[in-house]
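Structure file coords.txt (compact mmCIF, C-alpha atoms) follows.
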# COMPACT_ATOMS: atom_id res chain seq x y z
CA MET A 1 7.86 1.70 -9.89
CA ASN A 2 9.37 2.82 -13.18
CA ASP A 3 12.81 2.26 -11.64
CA TYR A 4 11.92 -1.45 -11.40
CA HIS A 5 10.12 -1.62 -14.78
CA ILE A 6 6.80 -2.35 -13.07
CA THR A 7 3.63 -1.35 -14.88
CA ILE A 8 0.60 -0.55 -12.72
CA GLN A 9 -2.72 -1.69 -14.18
CA ASN A 10 -6.35 -1.25 -13.15
CA VAL A 11 -5.89 1.95 -11.16
CA ILE A 12 -8.85 3.42 -9.29
CA GLU A 13 -8.42 6.94 -7.98
CA VAL A 14 -10.38 7.89 -4.89
CA ASP A 15 -10.15 11.36 -3.41
CA ALA A 16 -11.58 10.87 0.09
CA ALA A 17 -9.44 9.28 2.81
CA GLN A 18 -12.30 7.30 4.33
CA ALA A 19 -13.31 6.02 0.87
CA ILE A 20 -9.75 4.78 0.31
CA LEU A 21 -9.80 2.90 3.62
CA ASN A 22 -13.26 1.49 2.91
CA CYS A 23 -12.13 0.21 -0.51
CA VAL A 24 -9.16 -1.57 1.07
CA ARG A 25 -11.36 -3.01 3.86
CA ALA A 26 -13.81 -4.28 1.23
CA GLY A 27 -11.00 -5.98 -0.69
CA VAL A 28 -11.36 -3.72 -3.73
CA GLY A 29 -7.67 -2.92 -3.74
CA ILE A 30 -4.57 -1.79 -1.89
CA SER A 31 -3.29 1.71 -1.27
CA LEU A 32 -0.46 3.99 -0.25
CA ILE A 33 -1.54 6.46 2.42
CA PRO A 34 0.13 9.04 4.63
CA GLU A 35 1.37 7.48 7.84
CA SER A 36 -0.78 9.95 9.80
CA MET A 37 -3.87 8.13 8.41
CA SER A 38 -2.61 4.75 9.59
CA LYS A 39 -4.16 5.29 13.03
CA LEU A 40 -7.52 4.84 11.25
CA THR A 41 -6.49 1.40 9.96
CA LYS A 42 -6.95 -0.83 13.01
CA SER A 43 -8.61 -3.52 10.86
CA LEU A 44 -5.91 -3.26 8.17
CA TYR A 45 -2.26 -4.26 7.99
CA THR A 46 0.33 -1.55 7.35
CA TYR A 47 3.82 -1.83 5.87
CA PRO A 48 6.40 0.94 6.30
CA ILE A 49 7.89 2.23 3.03
CA ASP A 50 11.54 2.97 2.37
CA LYS A 51 12.23 6.71 2.69
CA ASP A 52 13.76 6.79 -0.82
CA TYR A 53 10.23 6.47 -2.26
CA VAL A 54 8.34 9.11 -0.31
CA ASN A 55 8.49 12.73 0.73
CA VAL A 56 6.07 12.25 3.63
CA ASP A 57 5.78 9.31 6.00
CA THR A 58 3.68 6.84 4.01
CA VAL A 59 2.59 3.25 4.63
CA PHE A 60 1.18 0.57 2.35
CA ILE A 61 -2.14 -0.93 3.53
CA THR A 62 -4.04 -4.11 2.73
CA ARG A 63 -6.98 -5.98 4.14
CA LYS A 64 -5.65 -8.27 6.90
CA SER A 65 -7.23 -11.32 5.28
CA LEU A 66 -5.69 -10.61 1.85
CA ALA A 67 -4.10 -13.71 0.33
CA LYS A 68 -0.37 -13.00 0.17
CA THR A 69 0.76 -14.30 -3.25
CA LEU A 70 4.36 -14.52 -4.39
CA ALA A 71 3.83 -11.43 -6.59
CA PHE A 72 2.33 -9.54 -3.65
CA ASN A 73 5.23 -10.49 -1.38
CA LYS A 74 7.75 -9.35 -4.01
CA PHE A 75 5.90 -6.03 -4.34
CA VAL A 76 6.02 -5.51 -0.55
CA GLU A 77 9.69 -6.49 -0.59
CA LEU A 78 10.39 -3.72 -3.14
CA LEU A 79 8.55 -1.17 -1.03
CA THR A 80 10.19 -2.06 2.25
CA LEU A 81 13.84 -2.41 1.22

I need this file expressed as structure tokens, please.
Amino acid sequence: MNDYHITIQNVIEVDAAQAILNCVRAGVGISLIPESMSKLTKSLYTYPIDKDYVNVDTVFITRKSLAKTLAFNKFVELLTL
């Protein structure tokens, strides 16, 4: 995100995969996860990420009912170029 001069605020670090998914399902936040975990995300929406940003296959996940604001859509646009 530094390449685009984007500052990330209010970061919560969670070390368990299921906890990450549960936080996203609960609407606590959004996350980047390895693509291999995306099979556990049936109730979540995944976005593929441009290979320039990752060393492993990674997707961006959100709660399906998340309100998609203009800022959110621009963020997804940056990730999926």

> In terms of the shortest atom-to-atom distance over all atoms listed in the file, which of A:Leu44, A:Leu32, A:Ile20, A:Leu81 is closest to Phe60 in chain A?
Replying inline: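 Residue with the minimum atom-to-atom distance to Phe60 in chain A: A:Leu32.
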
> Residues at most 12 Å from Lys42 in chain A, counting all atoms listed in the file, excluding those fewer than 6 positions away in the same chain, as an NGL selection string?
Replying inline: :A and (21 or 25 or 61-64)

Convert the current residue selection to file output with C-alpha atoms, as a tab-separated table (two decimals), in the frame of the given file.
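This is the output file selection-v2.tsv:
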chain	number	residue	atom	x	y	z
A	21	LEU	CA	-9.80	2.90	3.62
A	25	ARG	CA	-11.36	-3.01	3.86
A	61	ILE	CA	-2.14	-0.93	3.53
A	62	THR	CA	-4.04	-4.11	2.73
A	63	ARG	CA	-6.98	-5.98	4.14
A	64	LYS	CA	-5.65	-8.27	6.90

>> For a quick check of understanding, using only C-alpha atoms, which of A:Ile33, A:Val14, A:Leu40, A:Leu79 has the smallest distance to Asp52 in chain A?
In response: A:Leu79

>> Rounded to one decimal, what separation in Å do you get between CA of Ser65 in chain A and CA of Gly27 in chain A?
In response: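 Here the two named atoms are 8.9 Å from each other.
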
> In terms of the shortest atom-to-atom distance over only C-alpha atoms, which of A:Met37, A:Tyr53, A:Asn73, A:Thr80 is closest to Asp3 in chain A?
Replying inline: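 Ranking A:Met37, A:Tyr53, A:Asn73, A:Thr80 by distance to Asp3 in chain A, first place goes to A:Tyr53.
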
> Taking into account only C-alpha atoms, which residue in the set A:Tyr47, A:Asn22, A:Thr58, A:Ser36 is nearest to Phe75 in chain A?
Replying inline: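 Result for the nearest residue to Phe75 in chain A: A:Tyr47.
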
> With only C-alpha atoms as the atoms that count, which of A:His5, A:Lys74, A:Val59, A:Ala16 lies nearest to Ser31 in chain A?
Replying inline: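 Ranked by minimum distance to Ser31 in chain A, first place goes to A:Val59.
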
> What does the distance between CA of Gln9 in chain A and CA of Val24 in chain A come to in Å, to one decimal place?
Replying inline: 16.6 Å

>> List as number ranges by chain the protein and nucleic acid residues near Glu77 in chain A, meaning an atom at most 10 Å away when all atoms listed in the file are counted, but skip any in the same chain fewer than 5 places from it.
In response: A: 47, 49, 71-72

>> Let me make sure I understand: among A:Thr46, A:Glu35, A:Ile6, A:Thr41, which one has the smallest atom-to-atom distance to Gln18 in chain A if we use all atoms listed in the file?
In response: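 Among the listed residues, A:Thr41 lies closest to Gln18 in chain A.
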
> For the atom pair CA of Asn10 in chain A and CA of Ile30 in chain A, what is the interatomic distance in Å to one decimal place?
Replying inline: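 According to the coordinates, CA of Asn10 in chain A and CA of Ile30 in chain A are separated by 11.4 Å.
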
Box centre and edge lengths (Å, one decimal), axis-aligned, range 11-22 of chain A plus 5 Å each side, as AutoDock Vina command-line options:
--center_x -9.6 --center_y 6.4 --center_z -3.4 --size_x 17.4 --size_y 19.9 --size_z 25.5

Completion of range 46-57 of chain A up to all heavy atoms, as a PDB file, in the frame of the given file:
ATOM      1  N   THR A  46      -0.492  -2.587   7.963  1.00  0.00           N
ATOM      2  CA  THR A  46       0.330  -1.550   7.350  1.00  0.00           C
ATOM      3  C   THR A  46       1.766  -2.026   7.198  1.00  0.00           C
ATOM      4  O   THR A  46       2.264  -2.806   8.002  1.00  0.00           O
ATOM      5  CB  THR A  46       0.330  -0.249   8.187  1.00  0.00           C
ATOM      6  OG1 THR A  46       0.913  -0.517   9.459  1.00  0.00           O
ATOM      7  CG2 THR A  46      -1.070   0.296   8.362  1.00  0.00           C
ATOM      8  N   TYR A  47       2.418  -1.548   6.144  1.00  0.00           N
ATOM      9  CA  TYR A  47       3.820  -1.830   5.870  1.00  0.00           C
ATOM     10  C   TYR A  47       4.549  -0.496   5.768  1.00  0.00           C
ATOM     11  O   TYR A  47       4.125   0.368   5.001  1.00  0.00           O
ATOM     12  CB  TYR A  47       3.984  -2.544   4.520  1.00  0.00           C
ATOM     13  CG  TYR A  47       3.270  -3.859   4.394  1.00  0.00           C
ATOM     14  CD1 TYR A  47       1.927  -3.903   4.049  1.00  0.00           C
ATOM     15  CD2 TYR A  47       3.947  -5.055   4.596  1.00  0.00           C
ATOM     16  CE1 TYR A  47       1.266  -5.119   3.920  1.00  0.00           C
ATOM     17  CE2 TYR A  47       3.302  -6.270   4.455  1.00  0.00           C
ATOM     18  CZ  TYR A  47       1.963  -6.293   4.124  1.00  0.00           C
ATOM     19  OH  TYR A  47       1.321  -7.491   3.990  1.00  0.00           O
ATOM     20  N   PRO A  48       5.644  -0.300   6.482  1.00  0.00           N
ATOM     21  CA  PRO A  48       6.400   0.940   6.300  1.00  0.00           C
ATOM     22  C   PRO A  48       7.057   0.934   4.914  1.00  0.00           C
ATOM     23  O   PRO A  48       7.333  -0.121   4.362  1.00  0.00           O
ATOM     24  CB  PRO A  48       7.449   0.887   7.412  1.00  0.00           C
ATOM     25  CG  PRO A  48       7.594  -0.566   7.735  1.00  0.00           C
ATOM     26  CD  PRO A  48       6.265  -1.206   7.442  1.00  0.00           C
ATOM     27  N   ILE A  49       7.298   2.112   4.363  1.00  0.00           N
ATOM     28  CA  ILE A  49       7.890   2.230   3.030  1.00  0.00           C
ATOM     29  C   ILE A  49       9.251   2.906   3.145  1.00  0.00           C
ATOM     30  O   ILE A  49       9.412   3.862   3.903  1.00  0.00           O
ATOM     31  CB  ILE A  49       6.960   3.032   2.110  1.00  0.00           C
ATOM     32  CG1 ILE A  49       5.641   2.296   2.058  1.00  0.00           C
ATOM     33  CG2 ILE A  49       7.591   3.274   0.750  1.00  0.00           C
ATOM     34  CD1 ILE A  49       4.802   2.524   0.893  1.00  0.00           C
ATOM     35  N   ASP A  50      10.198   2.414   2.372  1.00  0.00           N
ATOM     36  CA  ASP A  50      11.540   2.970   2.370  1.00  0.00           C
ATOM     37  C   ASP A  50      11.489   4.465   2.064  1.00  0.00           C
ATOM     38  O   ASP A  50      10.789   4.900   1.159  1.00  0.00           O
ATOM     39  CB  ASP A  50      12.377   2.240   1.305  1.00  0.00           C
ATOM     40  CG  ASP A  50      13.842   2.610   1.381  1.00  0.00           C
ATOM     41  OD1 ASP A  50      14.171   3.758   1.021  1.00  0.00           O
ATOM     42  OD2 ASP A  50      14.642   1.759   1.801  1.00  0.00           O
ATOM     43  N   LYS A  51      12.239   5.239   2.809  1.00  0.00           N
ATOM     44  CA  LYS A  51      12.230   6.710   2.690  1.00  0.00           C
ATOM     45  C   LYS A  51      12.656   7.205   1.310  1.00  0.00           C
ATOM     46  O   LYS A  51      12.360   8.331   0.938  1.00  0.00           O
ATOM     47  CB  LYS A  51      13.119   7.338   3.764  1.00  0.00           C
ATOM     48  CG  LYS A  51      12.705   7.021   5.172  1.00  0.00           C
ATOM     49  CD  LYS A  51      11.362   7.598   5.500  1.00  0.00           C
ATOM     50  CE  LYS A  51      11.020   7.316   6.954  1.00  0.00           C
ATOM     51  NZ  LYS A  51       9.619   7.336   7.226  1.00  0.00           N
ATOM     52  N   ASP A  52      13.360   6.388   0.530  1.00  0.00           N
ATOM     53  CA  ASP A  52      13.760   6.790  -0.820  1.00  0.00           C
ATOM     54  C   ASP A  52      12.563   6.998  -1.741  1.00  0.00           C
ATOM     55  O   ASP A  52      12.670   7.644  -2.773  1.00  0.00           O
ATOM     56  CB  ASP A  52      14.691   5.763  -1.455  1.00  0.00           C
ATOM     57  CG  ASP A  52      16.059   5.726  -0.791  1.00  0.00           C
ATOM     58  OD1 ASP A  52      16.416   6.701  -0.100  1.00  0.00           O
ATOM     59  OD2 ASP A  52      16.761   4.720  -0.954  1.00  0.00           O
ATOM     60  N   TYR A  53      11.401   6.420  -1.391  1.00  0.00           N
ATOM     61  CA  TYR A  53      10.230   6.470  -2.260  1.00  0.00           C
ATOM     62  C   TYR A  53       9.224   7.543  -1.896  1.00  0.00           C
ATOM     63  O   TYR A  53       8.270   7.767  -2.626  1.00  0.00           O
ATOM     64  CB  TYR A  53       9.508   5.116  -2.269  1.00  0.00           C
ATOM     65  CG  TYR A  53      10.350   4.033  -2.866  1.00  0.00           C
ATOM     66  CD1 TYR A  53      10.888   3.035  -2.066  1.00  0.00           C
ATOM     67  CD2 TYR A  53      10.624   4.004  -4.220  1.00  0.00           C
ATOM     68  CE1 TYR A  53      11.675   2.036  -2.606  1.00  0.00           C
ATOM     69  CE2 TYR A  53      11.412   3.015  -4.768  1.00  0.00           C
ATOM     70  CZ  TYR A  53      11.936   2.028  -3.953  1.00  0.00           C
ATOM     71  OH  TYR A  53      12.716   1.059  -4.490  1.00  0.00           O
ATOM     72  N   VAL A  54       9.383   8.188  -0.762  1.00  0.00           N
ATOM     73  CA  VAL A  54       8.340   9.110  -0.310  1.00  0.00           C
ATOM     74  C   VAL A  54       8.928  10.410   0.226  1.00  0.00           C
ATOM     75  O   VAL A  54      10.047  10.442   0.705  1.00  0.00           O
ATOM     76  CB  VAL A  54       7.461   8.456   0.767  1.00  0.00           C
ATOM     77  CG1 VAL A  54       6.665   7.302   0.204  1.00  0.00           C
ATOM     78  CG2 VAL A  54       8.273   7.997   1.954  1.00  0.00           C
ATOM     79  N   ASN A  55       8.118  11.452   0.147  1.00  0.00           N
ATOM     80  CA  ASN A  55       8.490  12.730   0.730  1.00  0.00           C
ATOM     81  C   ASN A  55       7.806  12.973   2.065  1.00  0.00           C
ATOM     82  O   ASN A  55       8.168  13.868   2.791  1.00  0.00           O
ATOM     83  CB  ASN A  55       8.152  13.872  -0.233  1.00  0.00           C
ATOM     84  CG  ASN A  55       8.973  13.796  -1.500  1.00  0.00           C
ATOM     85  OD1 ASN A  55      10.144  13.454  -1.455  1.00  0.00           O
ATOM     86  ND2 ASN A  55       8.376  14.102  -2.618  1.00  0.00           N
ATOM     87  N   VAL A  56       6.759  12.216   2.336  1.00  0.00           N
ATOM     88  CA  VAL A  56       6.070  12.250   3.630  1.00  0.00           C
ATOM     89  C   VAL A  56       6.040  10.829   4.151  1.00  0.00           C
ATOM     90  O   VAL A  56       6.163   9.863   3.380  1.00  0.00           O
ATOM     91  CB  VAL A  56       4.635  12.810   3.518  1.00  0.00           C
ATOM     92  CG1 VAL A  56       4.631  14.242   3.067  1.00  0.00           C
ATOM     93  CG2 VAL A  56       3.784  11.961   2.601  1.00  0.00           C
ATOM     94  N   ASP A  57       5.878  10.659   5.454  1.00  0.00           N
ATOM     95  CA  ASP A  57       5.780   9.310   6.000  1.00  0.00           C
ATOM     96  C   ASP A  57       4.537   8.642   5.430  1.00  0.00           C
ATOM     97  O   ASP A  57       3.418   9.137   5.576  1.00  0.00           O
ATOM     98  CB  ASP A  57       5.696   9.347   7.529  1.00  0.00           C
ATOM     99  CG  ASP A  57       7.007   9.775   8.154  1.00  0.00           C
ATOM    100  OD1 ASP A  57       8.067   9.573   7.518  1.00  0.00           O
ATOM    101  OD2 ASP A  57       6.980  10.312   9.271  1.00  0.00           O
TER     102      ASP A  57
END
